[in-house]
Structure formats: C-alpha cells, structure tokens
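This is start.json. It holds JSON, C-alpha atoms.
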```
[["chain", "number", "residue", "atom", "x", "y", "z"],
["A", 841, "MET", "CA", -0.89, -157.77, 42.58],
["A", 842, "ALA", "CA", -1.96, -159.24, 45.94],
["A", 843, "SER", "CA", -5.55, -158.20, 46.42],
["A", 844, "ASP", "CA", -6.15, -159.59, 49.90],
["A", 845, "SER", "CA", -4.06, -156.92, 51.63],
["A", 846, "ILE", "CA", -5.22, -153.82, 49.72],
["A", 847, "THR", "CA", -8.15, -151.86, 51.07],
["A", 848, "ALA", "CA", -10.43, -149.26, 49.53],
["A", 849, "ALA", "CA", -8.45, -146.54, 51.33],
["A", 850, "ALA", "CA", -5.78, -146.91, 48.62],
["A", 851, "SER", "CA", -8.16, -145.31, 46.14],
["A", 852, "GLY", "CA", -8.31, -141.99, 47.99],
["A", 853, "THR", "CA", -11.41, -140.19, 49.26],
["A", 854, "TRP", "CA", -14.09, -137.76, 48.13],
["A", 855, "LYS", "CA", -16.95, -136.03, 49.95],
["A", 856, "LEU", "CA", -20.58, -136.52, 49.02],
["A", 857, "GLY", "CA", -21.80, -133.39, 50.71],
["A", 858, "ASP", "CA", -20.49, -133.85, 54.23],
["A", 859, "LEU", "CA", -20.03, -137.62, 53.87],
["A", 860, "VAL", "CA", -16.48, -138.87, 53.22],
["A", 861, "VAL", "CA", -16.23, -142.00, 51.07],
["A", 862, "ASN", "CA", -13.39, -144.02, 49.63],
["A", 863, "ARG", "CA", -13.32, -143.67, 45.84],
["A", 864, "ILE", "CA", -13.73, -147.41, 45.32],
["A", 865, "GLY", "CA", -17.19, -148.41, 46.44],
["A", 866, "PHE", "CA", -19.50, -151.35, 45.81],
["A", 867, "GLY", "CA", -22.55, -151.62, 43.57],
["A", 868, "THR", "CA", -25.22, -154.19, 44.46],
["A", 869, "MET", "CA", -26.96, -154.66, 41.09],
["A", 870, "ARG", "CA", -25.19, -158.00, 40.49],
["A", 871, "LEU", "CA", -25.46, -159.19, 44.08],
["A", 872, "THR", "CA", -28.94, -160.74, 43.97],
["A", 873, "GLN", "CA", -28.57, -163.12, 41.02],
["A", 874, "HIS", "CA", -26.28, -165.06, 38.73],
["A", 875, "GLY", "CA", -25.95, -163.78, 35.19],
["A", 876, "GLU", "CA", -27.91, -160.89, 33.77],
["A", 877, "ALA", "CA", -29.41, -158.45, 36.26],
["A", 878, "LEU", "CA", -32.82, -156.78, 36.29],
["A", 879, "ILE", "CA", -34.68, -159.51, 34.43],
["A", 880, "PRO", "CA", -37.80, -161.31, 35.73],
["A", 881, "ASP", "CA", -36.45, -164.88, 35.58],
["A", 882, "ALA", "CA", -32.98, -164.27, 37.02],
["A", 883, "VAL", "CA", -31.41, -167.13, 38.97],
["A", 884, "PRO", "CA", -31.10, -166.05, 42.64],
["A", 885, "ARG", "CA", -27.64, -166.03, 44.18],
["A", 886, "ASP", "CA", -26.99, -168.02, 47.33],
["A", 887, "ARG", "CA", -28.04, -165.86, 50.25],
["A", 888, "ASP", "CA", -25.07, -166.72, 52.46],
["A", 889, "GLN", "CA", -22.63, -165.92, 49.66],
["A", 890, "ALA", "CA", -24.25, -162.52, 49.04],
["A", 891, "ILE", "CA", -24.07, -161.67, 52.73],
["A", 892, "GLN", "CA", -20.43, -162.83, 52.83],
["A", 893, "VAL", "CA", -19.56, -160.52, 49.92],
["A", 894, "LEU", "CA", -21.16, -157.51, 51.59],
["A", 895, "ARG", "CA", -19.39, -158.12, 54.89],
["A", 896, "ARG", "CA", -16.09, -158.70, 53.10],
["A", 897, "ALA", "CA", -16.53, -155.40, 51.26],
["A", 898, "ILE", "CA", -16.73, -153.61, 54.61],
["A", 899, "GLU", "CA", -13.67, -155.50, 55.87],
["A", 900, "LEU", "CA", -11.81, -154.24, 52.78],
["A", 901, "GLY", "CA", -12.62, -150.64, 53.66],
["A", 902, "VAL", "CA", -15.57, -150.04, 51.36],
["A", 903, "ASN", "CA", -17.80, -147.37, 52.88],
["A", 904, "HIS", "CA", -19.87, -146.41, 49.82],
["A", 905, "ILE", "CA", -22.56, -148.86, 48.75],
["A", 906, "ASP", "CA", -24.84, -148.21, 45.78],
["A", 907, "THR", "CA", -28.26, -149.86, 45.72],
["A", 908, "ALA", "CA", -31.92, -149.53, 44.72],
["A", 909, "ALA", "CA", -35.24, -151.07, 45.70],
["A", 910, "PHE", "CA", -35.56, -152.36, 42.12],
["A", 911, "TYR", "CA", -32.35, -154.39, 42.47],
["A", 912, "PHE", "CA", -33.90, -157.78, 43.14],
["A", 913, "SER", "CA", -34.29, -161.29, 41.77],
["A", 914, "PRO", "CA", -36.71, -164.00, 42.82],
["A", 915, "LEU", "CA", -36.06, -164.55, 46.56],
["A", 916, "ARG", "CA", -33.35, -161.85, 46.85],
["A", 917, "SER", "CA", -33.46, -158.08, 47.43],
["A", 918, "ALA", "CA", -30.27, -156.01, 47.46],
["A", 919, "ASN", "CA", -31.61, -153.65, 50.11],
["A", 920, "GLU", "CA", -32.71, -156.43, 52.41],
["A", 921, "LEU", "CA", -29.40, -158.26, 51.96],
["A", 922, "ILE", "CA", -27.62, -155.04, 52.96],
["A", 923, "ASN", "CA", -29.85, -154.77, 56.03],
["A", 924, "ARG", "CA", -29.26, -158.39, 57.01],
["A", 925, "ALA", "CA", -25.50, -158.26, 56.45],
["A", 926, "LEU", "CA", -24.56, -154.83, 57.77],
["A", 927, "ALA", "CA", -27.11, -153.55, 60.27],
["A", 928, "PRO", "CA", -26.57, -151.97, 62.71],
["A", 929, "TYR", "CA", -24.71, -149.71, 60.30],
["A", 930, "SER", "CA", -21.38, -148.11, 61.12],
["A", 931, "ASP", "CA", -21.33, -144.33, 61.29],
["A", 932, "ASP", "CA", -18.99, -144.00, 58.30],
["A", 933, "LEU", "CA", -21.01, -146.21, 55.93],
["A", 934, "VAL", "CA", -22.74, -144.27, 53.14],
["A", 935, "ILE", "CA", -25.59, -146.03, 51.38],
["A", 936, "VAL", "CA", -26.68, -144.44, 48.11],
["A", 937, "THR", "CA", -29.96, -145.48, 46.54],
["A", 938, "LYS", "CA", -31.95, -144.38, 43.52],
["A", 939, "VAL", "CA", -35.59, -143.77, 42.74],
["A", 940, "GLY", "CA", -37.64, -143.18, 39.63],
["A", 941, "PRO", "CA", -37.75, -146.63, 38.02],
["A", 942, "GLY", "CA", -39.80, -149.41, 39.58],
["A", 943, "ARG", "CA", -40.60, -153.09, 39.02],
["A", 944, "ASP", "CA", -43.66, -155.13, 39.96],
["A", 945, "LEU", "CA", -43.44, -158.27, 42.07],
["A", 946, "SER", "CA", -42.84, -160.36, 38.95],
["A", 947, "GLY", "CA", -39.83, -158.25, 38.06],
["A", 948, "ASN", "CA", -41.41, -156.43, 35.13],
["A", 949, "TRP", "CA", -40.70, -152.73, 34.71],
["A", 950, "LEU", "CA", -43.30, -150.17, 35.68],
["A", 951, "PRO", "CA", -43.65, -146.61, 34.32],
["A", 952, "HIS", "CA", -41.24, -144.22, 36.01],
["A", 953, "ALA", "CA", -42.59, -142.73, 39.21],
["A", 954, "THR", "CA", -44.53, -139.50, 39.18],
["A", 955, "PRO", "CA", -43.57, -136.76, 41.65],
["A", 956, "GLN", "CA", -46.35, -137.99, 43.93],
["A", 957, "GLN", "CA", -45.09, -141.59, 43.79],
["A", 958, "LEU", "CA", -41.50, -140.76, 44.67],
["A", 959, "ARG", "CA", -42.26, -140.48, 48.38],
["A", 960, "GLY", "CA", -43.52, -144.08, 48.34],
["A", 961, "GLN", "CA", -40.30, -145.22, 46.69],
["A", 962, "VAL", "CA", -38.22, -143.37, 49.26],
["A", 963, "GLU", "CA", -40.23, -144.91, 52.10],
["A", 964, "GLU", "CA", -39.81, -148.39, 50.59],
["A", 965, "ASN", "CA", -36.03, -147.93, 50.56],
["A", 966, "LEU", "CA", -36.17, -146.79, 54.18],
["A", 967, "ARG", "CA", -38.21, -149.84, 55.15],
["A", 968, "GLN", "CA", -36.01, -152.35, 53.32],
["A", 969, "LEU", "CA", -32.78, -150.86, 54.62],
["A", 970, "GLY", "CA", -34.09, -150.37, 58.15],
["A", 971, "ARG", "CA", -33.13, -146.68, 58.26],
["A", 972, "ASP", "CA", -34.81, -143.52, 59.43],
["A", 973, "HIS", "CA", -33.17, -141.49, 56.65],
["A", 974, "LEU", "CA", -31.32, -142.15, 53.39],
["A", 975, "ASP", "CA", -27.77, -140.84, 52.99],
["A", 976, "VAL", "CA", -28.00, -140.05, 49.27],
["A", 977, "VAL", "CA", -30.91, -140.49, 46.87],
["A", 978, "ASN", "CA", -30.34, -140.28, 43.12],
["A", 979, "LEU", "CA", -33.21, -139.42, 40.81],
["A", 980, "ARG", "CA", -32.76, -141.73, 37.84],
["A", 981, "ILE", "CA", -34.44, -140.60, 34.65],
["A", 982, "THR", "CA", -34.86, -141.41, 31.00],
["A", 983, "GLY", "CA", -35.14, -138.90, 28.19],
["A", 984, "THR", "CA", -34.50, -135.18, 28.05],
["A", 985, "ASP", "CA", -37.66, -133.70, 29.57],
["A", 986, "SER", "CA", -37.65, -131.36, 32.57],
["A", 987, "ILE", "CA", -36.92, -132.97, 35.93],
["A", 988, "ALA", "CA", -37.90, -129.93, 38.00],
["A", 989, "GLU", "CA", -41.14, -131.34, 39.39],
["A", 990, "ARG", "CA", -39.67, -134.73, 40.28],
["A", 991, "PHE", "CA", -36.44, -133.34, 41.71],
["A", 992, "GLY", "CA", -38.47, -130.77, 43.63],
["A", 993, "ALA", "CA", -40.46, -133.59, 45.24],
["A", 994, "LEU", "CA", -37.20, -135.15, 46.46],
["A", 995, "ALA", "CA", -35.97, -131.76, 47.66],
["A", 996, "ASP", "CA", -39.11, -131.54, 49.81],
["A", 997, "LEU", "CA", -38.29, -134.94, 51.33],
["A", 998, "ARG", "CA", -34.78, -133.70, 52.01],
["A", 999, "GLU", "CA", -36.22, -130.71, 53.85],
["A", 1000, "ALA", "CA", -38.41, -133.13, 55.82],
["A", 1001, "GLY", "CA", -35.32, -135.07, 56.95],
["A", 1002, "LEU", "CA", -35.96, -138.31, 55.07],
["A", 1003, "ILE", "CA", -32.99, -137.69, 52.73],
["A", 1004, "ARG", "CA", -29.62, -136.21, 53.59],
["A", 1005, "HIS", "CA", -28.24, -135.49, 50.10],
["A", 1006, "LEU", "CA", -29.50, -135.62, 46.53],
["A", 1007, "GLY", "CA", -27.99, -136.83, 43.27],
["A", 1008, "LEU", "CA", -28.94, -137.56, 39.67],
["A", 1009, "SER", "CA", -28.58, -140.56, 37.38],
["A", 1010, "ASN", "CA", -28.63, -141.08, 33.61],
["A", 1011, "ILE", "CA", -28.94, -137.37, 32.88],
["A", 1012, "ARG", "CA", -27.92, -134.73, 30.36],
["A", 1013, "PRO", "CA", -25.93, -131.62, 31.35],
["A", 1014, "HIS", "CA", -28.99, -129.36, 31.31],
["A", 1015, "HIS", "CA", -30.62, -131.56, 33.95],
["A", 1016, "LEU", "CA", -27.80, -130.85, 36.39],
["A", 1017, "ALA", "CA", -28.26, -127.09, 36.01],
["A", 1018, "GLU", "CA", -32.03, -127.47, 36.38],
["A", 1019, "ALA", "CA", -31.67, -129.49, 39.57],
["A", 1020, "GLN", "CA", -29.05, -127.23, 41.13],
["A", 1021, "ALA", "CA", -31.48, -124.33, 40.89],
["A", 1022, "ILE", "CA", -33.74, -126.32, 43.23],
["A", 1023, "ALA", "CA", -31.38, -128.02, 45.70],
["A", 1024, "PRO", "CA", -27.68, -129.00, 45.98],
["A", 1025, "VAL", "CA", -26.55, -132.00, 43.92],
["A", 1026, "VAL", "CA", -23.69, -134.08, 45.37],
["A", 1027, "CYS", "CA", -23.27, -136.68, 42.62],
["A", 1028, "VAL", "CA", -24.09, -137.64, 39.05],
["A", 1029, "GLN", "CA", -24.30, -141.30, 37.99],
["A", 1030, "ASN", "CA", -23.92, -141.76, 34.24],
["A", 1031, "MET", "CA", -22.64, -144.52, 32.00],
["A", 1032, "HIS", "CA", -18.93, -144.02, 31.42],
["A", 1033, "GLY", "CA", -15.77, -146.01, 30.79],
["A", 1034, "ILE", "CA", -13.01, -146.59, 28.29],
["A", 1035, "GLY", "CA", -14.55, -145.68, 24.95],
["A", 1036, "ALA", "CA", -16.96, -143.09, 26.38],
["A", 1037, "SER", "CA", -18.42, -140.50, 24.06],
["A", 1038, "PRO", "CA", -16.92, -136.98, 23.88],
["A", 1039, "GLU", "CA", -20.15, -135.62, 25.37],
["A", 1040, "GLN", "CA", -19.73, -137.73, 28.49],
["A", 1041, "GLU", "CA", -16.07, -136.73, 28.73],
["A", 1042, "GLU", "CA", -17.03, -133.07, 28.71],
["A", 1043, "PHE", "CA", -19.80, -133.63, 31.26],
["A", 1044, "LEU", "CA", -17.38, -135.49, 33.56],
["A", 1045, "ARG", "CA", -15.09, -132.45, 33.52],
["A", 1046, "THR", "CA", -18.03, -130.10, 34.13],
["A", 1047, "CYS", "CA", -18.99, -132.05, 37.24],
["A", 1048, "GLY", "CA", -15.42, -131.81, 38.53],
["A", 1049, "GLU", "CA", -15.35, -128.05, 38.02],
["A", 1050, "GLN", "CA", -18.52, -127.78, 40.10],
["A", 1051, "GLY", "CA", -17.35, -130.12, 42.86],
["A", 1052, "VAL", "CA", -19.97, -132.74, 41.97],
["A", 1053, "ALA", "CA", -18.92, -136.38, 42.20],
["A", 1054, "PHE", "CA", -19.12, -138.28, 38.92],
["A", 1055, "VAL", "CA", -19.99, -141.94, 39.53],
["A", 1056, "PRO", "CA", -19.80, -144.07, 36.37],
["A", 1057, "PHE", "CA", -21.94, -147.14, 35.97],
["A", 1058, "TYR", "CA", -20.94, -150.01, 33.64],
["A", 1059, "SER", "CA", -17.30, -148.88, 33.82],
["A", 1060, "ILE", "CA", -16.33, -152.57, 33.59],
["A", 1061, "ALA", "CA", -19.29, -154.01, 31.69],
["A", 1062, "GLY", "CA", -19.33, -151.32, 29.04],
["A", 1063, "THR", "CA", -21.74, -152.26, 26.27],
["A", 1064, "GLY", "CA", -22.49, -155.50, 28.13],
["A", 1065, "ARG", "CA", -24.52, -153.39, 30.56],
["A", 1066, "GLU", "CA", -26.79, -155.55, 32.80],
["A", 1067, "ALA", "CA", -25.35, -158.77, 31.30],
["A", 1068, "GLY", "CA", -21.85, -157.95, 32.54],
["A", 1069, "ALA", "CA", -18.49, -157.57, 30.84],
["A", 1070, "THR", "CA", -18.28, -158.67, 27.24],
["A", 1071, "THR", "CA", -15.64, -161.08, 25.95],
["A", 1072, "GLY", "CA", -14.55, -158.70, 23.21],
["A", 1073, "GLU", "CA", -12.04, -156.72, 25.28],
["A", 1074, "SER", "CA", -9.66, -154.61, 23.23],
["A", 1075, "GLY", "CA", -6.12, -155.76, 22.61],
["A", 1076, "GLU", "CA", -4.77, -152.56, 24.13],
["A", 1077, "VAL", "CA", -6.55, -153.16, 27.45],
["A", 1078, "HIS", "CA", -5.33, -156.77, 27.49],
["A", 1079, "ALA", "CA", -1.76, -155.66, 26.78],
["A", 1080, "VAL", "CA", -1.71, -153.17, 29.66],
["A", 1081, "ALA", "CA", -3.30, -155.76, 31.96],
["A", 1082, "ARG", "CA", -0.72, -158.43, 31.03],
["A", 1083, "ALA", "CA", 2.17, -156.06, 31.59],
["A", 1084, "ARG", "CA", 0.81, -155.21, 35.02],
["A", 1085, "GLY", "CA", -0.14, -158.77, 35.94],
["A", 1086, "VAL", "CA", -3.75, -157.78, 36.61],
["A", 1087, "SER", "CA", -7.11, -158.34, 34.94],
["A", 1088, "PRO", "CA", -8.63, -156.15, 32.21],
["A", 1089, "ALA", "CA", -11.40, -155.26, 34.65],
["A", 1090, "GLN", "CA", -8.82, -153.87, 37.08],
["A", 1091, "ILE", "CA", -7.29, -151.77, 34.31],
["A", 1092, "ARG", "CA", -10.73, -150.39, 33.43],
["A", 1093, "LEU", "CA", -11.34, -149.45, 37.07],
["A", 1094, "ALA", "CA", -7.90, -147.88, 37.45],
["A", 1095, "TRP", "CA", -8.46, -145.86, 34.27],
["A", 1096, "THR", "CA", -11.82, -144.71, 35.63],
["A", 1097, "LEU", "CA", -10.25, -143.41, 38.83],
["A", 1098, "HIS", "CA", -7.57, -141.58, 36.82],
["A", 1099, "GLN", "CA", -10.22, -139.39, 35.20],
["A", 1100, "GLY", "CA", -10.30, -136.98, 38.14],
["A", 1101, "PRO", "CA", -10.32, -136.89, 41.95],
["A", 1102, "HIS", "CA", -14.09, -136.42, 41.87],
["A", 1103, "VAL", "CA", -14.64, -139.68, 39.95],
["A", 1104, "LEU", "CA", -15.82, -142.60, 42.09],
["A", 1105, "ALA", "CA", -16.19, -146.27, 41.12],
["A", 1106, "ILE", "CA", -18.95, -148.65, 42.19],
["A", 1107, "PRO", "CA", -18.06, -152.02, 40.64],
["A", 1108, "GLY", "CA", -20.45, -154.79, 41.56],
["A", 1109, "THR", "CA", -20.01, -158.53, 41.94],
["A", 1110, "GLY", "CA", -21.34, -161.50, 43.84],
["A", 1111, "ASP", "CA", -17.94, -163.22, 43.78],
["A", 1112, "PRO", "CA", -15.63, -162.72, 46.79],
["A", 1113, "ASP", "CA", -12.49, -163.06, 44.64],
["A", 1114, "HIS", "CA", -13.67, -160.49, 42.13],
["A", 1115, "LEU", "CA", -14.53, -158.18, 45.01],
["A", 1116, "GLY", "CA", -10.94, -158.27, 46.24],
["A", 1117, "GLN", "CA", -9.61, -157.59, 42.76],
["A", 1118, "ASN", "CA", -11.97, -154.65, 42.28],
["A", 1119, "VAL", "CA", -10.92, -153.06, 45.55],
["A", 1120, "ALA", "CA", -7.24, -153.64, 44.77],
["A", 1121, "ALA", "CA", -7.63, -151.74, 41.49],
["A", 1122, "GLY", "CA", -7.84, -148.58, 43.59],
["A", 1123, "ALA", "CA", -4.11, -148.93, 44.30],
["A", 1124, "LEU", "CA", -3.11, -149.10, 40.62],
["A", 1125, "ARG", "CA", -1.34, -145.99, 39.33],
["A", 1126, "LEU", "CA", -1.20, -146.00, 35.54],
["A", 1127, "SER", "CA", 1.73, -144.41, 33.74],
["A", 1128, "GLU", "CA", 1.37, -141.61, 31.22],
["A", 1129, "ASP", "CA", 2.22, -144.06, 28.45],
["A", 1130, "GLU", "CA", -0.46, -146.48, 29.62],
["A", 1131, "LEU", "CA", -3.02, -143.69, 29.86],
["A", 1132, "THR", "CA", -2.13, -142.53, 26.35],
["A", 1133, "VAL", "CA", -2.78, -146.03, 24.99],
["A", 1134, "LEU", "CA", -6.09, -146.39, 26.84],
["A", 1135, "ASN", "CA", -7.26, -142.87, 26.02],
["A", 1136, "SER", "CA", -6.65, -143.54, 22.32],
["A", 1137, "LEU", "CA", -9.41, -146.15, 22.36],
["A", 1138, "HIS", "CA", -12.01, -143.43, 22.17],
["A", 1139, "GLY", "CA", -10.06, -140.74, 20.44],
["A", 1140, "VAL", "CA", -9.76, -138.25, 23.30],
["A", 1141, "ALA", "CA", -6.67, -136.08, 23.03],
["A", 1142, "PRO", "CA", -4.26, -136.12, 26.00],
["A", 1143, "GLU", "CA", -4.74, -132.39, 26.64],
["A", 1144, "GLN", "CA", -8.42, -133.09, 27.38],
["A", 1145, "ARG", "CA", -7.49, -135.38, 30.26],
["A", 1146, "ASN", "CA", -6.93, -134.51, 33.90]]
```
As structure tokens, the full file:
Amino acid sequence: MASDSITAAASGTWKLGDLVVNRIGFGTMRLTQHGEALIPDAVPRDRDQAIQVLRRAIELGVNHIDTAAFYFSPLRSANELINRALAPYSDDLVIVTKVGPGRDLSGNWLPHATPQQLRGQVEENLRQLGRDHLDVVNLRITGTDSIAERFGALADLREAGLIRHLGLSNIRPHHLAEAQAIAPVVCVQNMHGIGASPEQEEFLRTCGEQGVAFVPFYSIAGTGREAGATTGESGEVHAVARARGVSPAQIRLAWTLHQGPHVLAIPGTGDPDHLGQNVAAGALRLSEDELTVLNSLHGVAPEQRN
C-alpha cells in the first residue's frame, strides 16, 4: 500500500459544528519527545523533525490537529511547534485543544483546573498557538462527578468569542447529557480501539445517534497508552495486516474508522514515515470477513456494529 500518494481526504469527512474535517487527523501528544509522553524527564524530539512532521501532515491533507498546552517535554511544546510550523494558519485547518489537566514547569501534574482557572488555561492555549480564538476546546475530566460548573465556565468563554465549539474528553454517558443541557457538544474524546469495553461501544453508538463526533484516543497504543503501542499485538490483527500488506497499526486505524461515519482518528507520531502510513490507513476498506475477525477480539456481536 503506497502511502506517499494517499491523502487524508480518502478517509471521508465529518463536521465539528460548522467545521469540516477529514476523518484522519493528527494528534500531537507524541510529537514533543521520544518514547513515553507526559513524563517529566522525557527526551525532547529534534525540533526540525517535529516541524517537518507537522508540515508534512498538512501536505497529506490533514486538517484536524489535536493538541493541549500540557503536551510538552523539556525544550518542546506541542502548541508552540504548531505555531512555528503552520502559522499563518489556513482557513480550513481545525485545531482542537483540551483543558482541565495541567502540569508545572517541571512536567509534574497539577490538580485539575477549577472553573475559575479554566479561563487561564484557555488563554494560555491562545497565546501558545498565536490565535484570537480556539476552534474546539474539550473539557477533559477524571471521575464521575458533575461537570456542570466547569463546562458552564467554558460555555461562557464560548459566548465571549474565545471558543468556537465545545467538546468533552474521558467522560461517562451522563456527562454528555449534562453538558448538552448547557451548550452544544460537537465531539467526545474517549479511549477506544479493538478490544474496547461494551460500555464504550454503546456510548460510541449513542454519540452517532446524536450527531456528536466520537474521537478515540489510544486507538493504536491500546493498553500501552502514553508509552505507545505494545509488542503483544494479537495474532488476528497480524494476520489481517499480513494479508493486506500493511502494518497492524494501519489495521487498527482502519477498524476505528469503520465504527461509524462520526468516528474520527487522531493518531500521533514524530516519525514522517509513520505519519504517511497513518494517513494511508484512511483509504483501507475492510471486508465483512475481516471485520468479523477483528470484532471477535472483544466479543461484540456483528449485529451491534454499524
């Protein structure tokens, strides 16, 4: 599968509010360092290489970039790399960021932001990205408590023109209903991939029924999370990949996109070759037999699939 001639347009499109994006995007969590992300002593990635990857992503038709102010390593910040590589921004580029978590200058995690602190996080994203507004801001949370006060604070910033659209990350289904009673929600970012729990499968379908984009994180890494993909890939995934002449990561991304037209993918990498492979996965069309094999890895019946 030649990856150098396939663009993100092959994955199809979806609208985040009034913003049209290709369904294969790019996540910047892995862009700032080698190895595990979001740790204090991460090894910074070469600046020129990171900038090259971002610019190549745009050349390959990516117009949906996922980032956060807390995506940084010593000497490197994802937001500032985006600014350096891509500003002035094209009109069709959608940059999605998230607020809630925070890290101090040493890279250690801080308590999640209070409603009053969220404005400062939004303004820091604006400063780093060099923008006068943010296209989409996701409120990332932990736990099951009410999000009304925090989401309401972001809704106020949306009314003030600092944010165009709002989303949610790492949530439970009741959080989506709670937020929608306050302001429109254009996307949900939750962990999802081959082997996802039945609860996440049901929530993915619920989002589709409501016209809300579902944007999985760790769709390639799975249980490897911030450390990246594990070496213990299932034999079934390897078999499908070999038959197609592609990588297991590409099969995972293709499977993700087959879960519904509202499902987007934001694979991240700091490697130009991996970037091309990730984008090319948007052109893969899995057969019913292949989907049956992959779906069986987490026991979801075919009639529960789109």
Nearest residue to Leu894 of chain A from the set A:Asn919, A:Gln1029, A:Asn965, A:Thr1132 (distances using all atoms listed in the file):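 That would be A:Asn919, the residue with the smallest distance to Leu894 of chain A.
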Near segment 901-905 of chain A, 8 Å: segment 843-879 of chain A residue rows, closest pairs, all atoms listed in the file, as a Markdown table:
```
| residue | atom | partner | partner_atom | distance |
| --- | --- | --- | --- | --- |
| A:Thr847 | CA | A:Gly901 | CA | 5.3 |
| A:Ala848 | CA | A:Gly901 | CA | 4.9 |
| A:Ala849 | CA | A:Gly901 | CA | 6.3 |
| A:Val861 | CA | A:His904 | CA | 5.9 |
| A:Asn862 | CA | A:Asn903 | CA | 6.4 |
| A:Ile864 | CA | A:Val902 | CA | 6.8 |
| A:Gly865 | CA | A:His904 | CA | 4.8 |
| A:Phe866 | CA | A:Ile905 | CA | 4.9 |
| A:Gly867 | CA | A:Ile905 | CA | 5.9 |
| A:Thr868 | CA | A:Ile905 | CA | 7.3 |
```
Please, what distance in Å, to one decimal, runs between atom CA of Ser845 of chain A and atom CA of Ile935 of chain A?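 About the pair atom CA of Ser845 of chain A and atom CA of Ile935 of chain A: they are 24.1 Å apart.
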Extract, using all atoms listed in the file, all DNA, RNA and protein residues at most 10 Å from Arg943 of chain A, discarding same-chain residues fewer than 2 positions from it, and format them as a compact mmCIF listing (two decimals) with C-alpha atoms, in the coordinates of the input.
```txt
# COMPACT_ATOMS: atom_id res chain seq x y z
CA LEU A 878 -32.82 -156.78 36.29
CA ILE A 879 -34.68 -159.51 34.43
CA PRO A 880 -37.80 -161.31 35.73
CA ALA A 909 -35.24 -151.07 45.70
CA PHE A 910 -35.56 -152.36 42.12
CA TYR A 911 -32.35 -154.39 42.47
CA PHE A 912 -33.90 -157.78 43.14
CA PRO A 941 -37.75 -146.63 38.02
CA LEU A 945 -43.44 -158.27 42.07
CA SER A 946 -42.84 -160.36 38.95
CA GLY A 947 -39.83 -158.25 38.06
CA ASN A 948 -41.41 -156.43 35.13
CA TRP A 949 -40.70 -152.73 34.71
CA LEU A 950 -43.30 -150.17 35.68
CA PRO A 951 -43.65 -146.61 34.32
CA HIS A 952 -41.24 -144.22 36.01
```
Spatial neighbours of Arg924 of chain A, max dist 10 Å, all atoms listed in the file, sep filter under 3 positions, as a VMD selection string: chain A and resid 891 894 918 to 921 927 to 928 968 to 970
Given the selection you just returned, output its residues as a file containing C-alpha atoms, formatted as a PDB file, in the frame of the given file.
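Output file result_23.pdb follows:
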```pdb
ATOM      1  CA  ILE A 891     -24.070-161.670  52.730  1.00  0.00           C
ATOM      2  CA  LEU A 894     -21.160-157.510  51.590  1.00  0.00           C
ATOM      3  CA  ALA A 918     -30.270-156.010  47.460  1.00  0.00           C
ATOM      4  CA  ASN A 919     -31.610-153.650  50.110  1.00  0.00           C
ATOM      5  CA  GLU A 920     -32.710-156.430  52.410  1.00  0.00           C
ATOM      6  CA  LEU A 921     -29.400-158.260  51.960  1.00  0.00           C
ATOM      7  CA  ALA A 927     -27.110-153.550  60.270  1.00  0.00           C
ATOM      8  CA  PRO A 928     -26.570-151.970  62.710  1.00  0.00           C
ATOM      9  CA  GLN A 968     -36.010-152.350  53.320  1.00  0.00           C
ATOM     10  CA  LEU A 969     -32.780-150.860  54.620  1.00  0.00           C
ATOM     11  CA  GLY A 970     -34.090-150.370  58.150  1.00  0.00           C
TER      12      GLY A 970
END
```
Kindly compute an axis-aligned box around the listed atoms of segment 1096-1106 of chain A, allowing 3 Å on each side, and express its centre and edge lengths in Å to one decimal as AutoDock Vina command-line options.
```
--center_x -13.3 --center_y -142.5 --center_z 38.7 --size_x 17.4 --size_y 18.2 --size_z 13.0
```
For Phe991 of chain A, list every protein, DNA or RNA residue within 12 Å, evaluated using only C-alpha atoms, and leave out those in the same chain fewer than 2 positions away; present the list as a PyMOL selection string. chain A and resi 939-940+953-956+958-959+977-981+986-989+993-998+1005-1009+1015-1025
Kindly export the residues of the current selection with C-alpha atoms, as a PDB file, keeping the file's coordinate frame.
```pdb
ATOM      1  CA  VAL A 939     -35.590-143.770  42.740  1.00  0.00           C
ATOM      2  CA  GLY A 940     -37.640-143.180  39.630  1.00  0.00           C
ATOM      3  CA  ALA A 953     -42.590-142.730  39.210  1.00  0.00           C
ATOM      4  CA  THR A 954     -44.530-139.500  39.180  1.00  0.00           C
ATOM      5  CA  PRO A 955     -43.570-136.760  41.650  1.00  0.00           C
ATOM      6  CA  GLN A 956     -46.350-137.990  43.930  1.00  0.00           C
ATOM      7  CA  LEU A 958     -41.500-140.760  44.670  1.00  0.00           C
ATOM      8  CA  ARG A 959     -42.260-140.480  48.380  1.00  0.00           C
ATOM      9  CA  VAL A 977     -30.910-140.490  46.870  1.00  0.00           C
ATOM     10  CA  ASN A 978     -30.340-140.280  43.120  1.00  0.00           C
ATOM     11  CA  LEU A 979     -33.210-139.420  40.810  1.00  0.00           C
ATOM     12  CA  ARG A 980     -32.760-141.730  37.840  1.00  0.00           C
ATOM     13  CA  ILE A 981     -34.440-140.600  34.650  1.00  0.00           C
ATOM     14  CA  SER A 986     -37.650-131.360  32.570  1.00  0.00           C
ATOM     15  CA  ILE A 987     -36.920-132.970  35.930  1.00  0.00           C
ATOM     16  CA  ALA A 988     -37.900-129.930  38.000  1.00  0.00           C
ATOM     17  CA  GLU A 989     -41.140-131.340  39.390  1.00  0.00           C
ATOM     18  CA  ALA A 993     -40.460-133.590  45.240  1.00  0.00           C
ATOM     19  CA  LEU A 994     -37.200-135.150  46.460  1.00  0.00           C
ATOM     20  CA  ALA A 995     -35.970-131.760  47.660  1.00  0.00           C
ATOM     21  CA  ASP A 996     -39.110-131.540  49.810  1.00  0.00           C
ATOM     22  CA  LEU A 997     -38.290-134.940  51.330  1.00  0.00           C
ATOM     23  CA  ARG A 998     -34.780-133.700  52.010  1.00  0.00           C
ATOM     24  CA  HIS A1005     -28.240-135.490  50.100  1.00  0.00           C
ATOM     25  CA  LEU A1006     -29.500-135.620  46.530  1.00  0.00           C
ATOM     26  CA  GLY A1007     -27.990-136.830  43.270  1.00  0.00           C
ATOM     27  CA  LEU A1008     -28.940-137.560  39.670  1.00  0.00           C
ATOM     28  CA  SER A1009     -28.580-140.560  37.380  1.00  0.00           C
ATOM     29  CA  HIS A1015     -30.620-131.560  33.950  1.00  0.00           C
ATOM     30  CA  LEU A1016     -27.800-130.850  36.390  1.00  0.00           C
ATOM     31  CA  ALA A1017     -28.260-127.090  36.010  1.00  0.00           C
ATOM     32  CA  GLU A1018     -32.030-127.470  36.380  1.00  0.00           C
ATOM     33  CA  ALA A1019     -31.670-129.490  39.570  1.00  0.00           C
ATOM     34  CA  GLN A1020     -29.050-127.230  41.130  1.00  0.00           C
ATOM     35  CA  ALA A1021     -31.480-124.330  40.890  1.00  0.00           C
ATOM     36  CA  ILE A1022     -33.740-126.320  43.230  1.00  0.00           C
ATOM     37  CA  ALA A1023     -31.380-128.020  45.700  1.00  0.00           C
ATOM     38  CA  PRO A1024     -27.680-129.000  45.980  1.00  0.00           C
ATOM     39  CA  VAL A1025     -26.550-132.000  43.920  1.00  0.00           C
TER      40      VAL A1025
END
```
Do you know which residues are at most 12 Å from segment 1077-1079 of chain A counting all atoms listed in the file, after dropping those on the same chain fewer than 4 positions away, and could you put them as number ranges by chain? A: 1034-1035, 1060, 1071-1073, 1083-1095, 1130-1137
